[in-house]
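See structure below.
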Amino acid sequence: MSRSDDPGQTYREFTEAVNMTPGELRTWLETEESKHVGWRKRGTQGGESVGHESGRKIIELLRRKRDQLSEADYQHMRKVVGYVRRHMAQRPSGDVRATRWRYSLMNWGHDPVKAPLPPPGGPSRKALERHGAPPEARRGPGCGTAPRRSSTRSEPRAR
């Protein structure tokens with residue numbers, strides 16, 4: 001994990017680690033699976049897990065504008081990045097779709113079986129699925145090359 005105090009670097013690493021939207025994460029946190037995984041703070045009987053609490057904070061962070069983020073927010077972002085990286089390195093073998101390992105990561109905003117989110121300011125995931133990646137000349141800085149989906153349409157889609 002980068003211990004960088006550079007807010008831009010922290011933000012980039014956070015948006016790479018968190019691949020769930022605020023809505024997806026909110027819906028996930030309401031499930032029983034989400035509520036039954038993770039470490040609970042000492043002295044709490046059946047209370048909220050640390051990861052579940054983090055998930056609620058992540059939703060708030062994702063909904064804030066960058067200029068509204070505090071030093072405490074960036075500190076939590078670094079914590080999220082570290083957690084996701086450590087646990088991704090411990091990936092179990094086999095199908096992970098119904099594992100506590102995946103559920104715990106999802107509480108921290110990362111679904112390991114889901115494709116990463118596009119970079120902030122770029123086209124949405126749904127747009128990329130519909131139209132493919134934009135031509136190289138129209139891509140913003142830091143955008144990787146993704147294979148373009150071939151289209152079988154002979155005429156442009158009406159808008």
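To be explicit about the labels: the chains of the structure tokens are called A, B, and onward in the order shown, and within each one the residues are counted from 1, while ligands get numbers from 1 in the order they are shown.
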
Self-check item: Leu62 (chain A) environment, 10 Å, only C-alpha atoms, sequence neighbours closer than 2 positions dropped, as a list in words
Solution: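 Returned residues: Phe14, Thr15, Val18, Met20, Thr21, Pro22, Lys57, Ile58, Ile59, Glu60, Arg64, Lys65 and Arg66 of chain A.
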
Quiz item: Which of these residues is nearest to Pro7 (chain A), using only C-alpha atoms: A:Asp111, A:Asp95, A:Asp67, A:Glu24?
Solution: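 Closest to Pro7 (chain A), using only C-alpha atoms: A:Asp67.
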
Exercise. Show which residues sit within 12 Å of Gly8 (chain A), as a list in words. Count only C-alpha atoms, and ignore same-chain residues fewer than 2 positions away.
Key: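 Listed by chain and then number, they are Ser2, Ser4, Asp5, Asp6, Thr10, Tyr11, Arg12, Glu13, Phe14, Thr15, Arg66, Asp67, Leu69, Tyr74, Met77 and Arg78 of chain A.
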
Practice problem: Write out as a list in words which residues come within 10 Å of Leu105 (chain A) when counting only C-alpha atoms, dropping same-chain ones fewer than 6 positions away. | Solution: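 Surrounding residues, per the criterion: Val18, Ser34, Val37, Gly38, Gly51, His52, Gly55, Val80, Tyr83, Val84, Arg85, His87, Met88, Asp111 and Pro112 of chain A.
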
Exercise. Pick out the closest residue to Gly47 (chain A) from this set: A:Arg97, A:Lys35, A:Arg26, A:Lys79. Count only C-alpha atoms.
Key: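 Between A:Arg97, A:Lys35, A:Arg26, A:Lys79, the residue approaching Gly47 (chain A) most closely is A:Lys35.
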
Quiz item: CA of Arg91 (chain A) and CA of Asp73 (chain A), how far apart in Å?
Solution: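 Result for CA of Asp73 (chain A) versus CA of Arg91 (chain A): 27.3 Å, one decimal.
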
Exercise. Would you mind reading off the distance between CA of Pro92 (chain A) and CA of His76 (chain A), one decimal, in Å?
Key: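 Calculated distance between CA of Pro92 (chain A) and CA of His76 (chain A) is 26.0 Å.
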
Practice problem: Rank A:Ser70, A:Thr27, A:Gln75, A:Gln90 by their smallest atom-to-atom distance to Arg56 (chain A), using only C-alpha atoms, and report the top residue only. | Solution: A:Thr27

Quiz item: So how far away is CA of Ala98 (chain A) from CA of His36 (chain A), in Å?
Solution: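 Between these atoms lies a distance of 13.0 Å.
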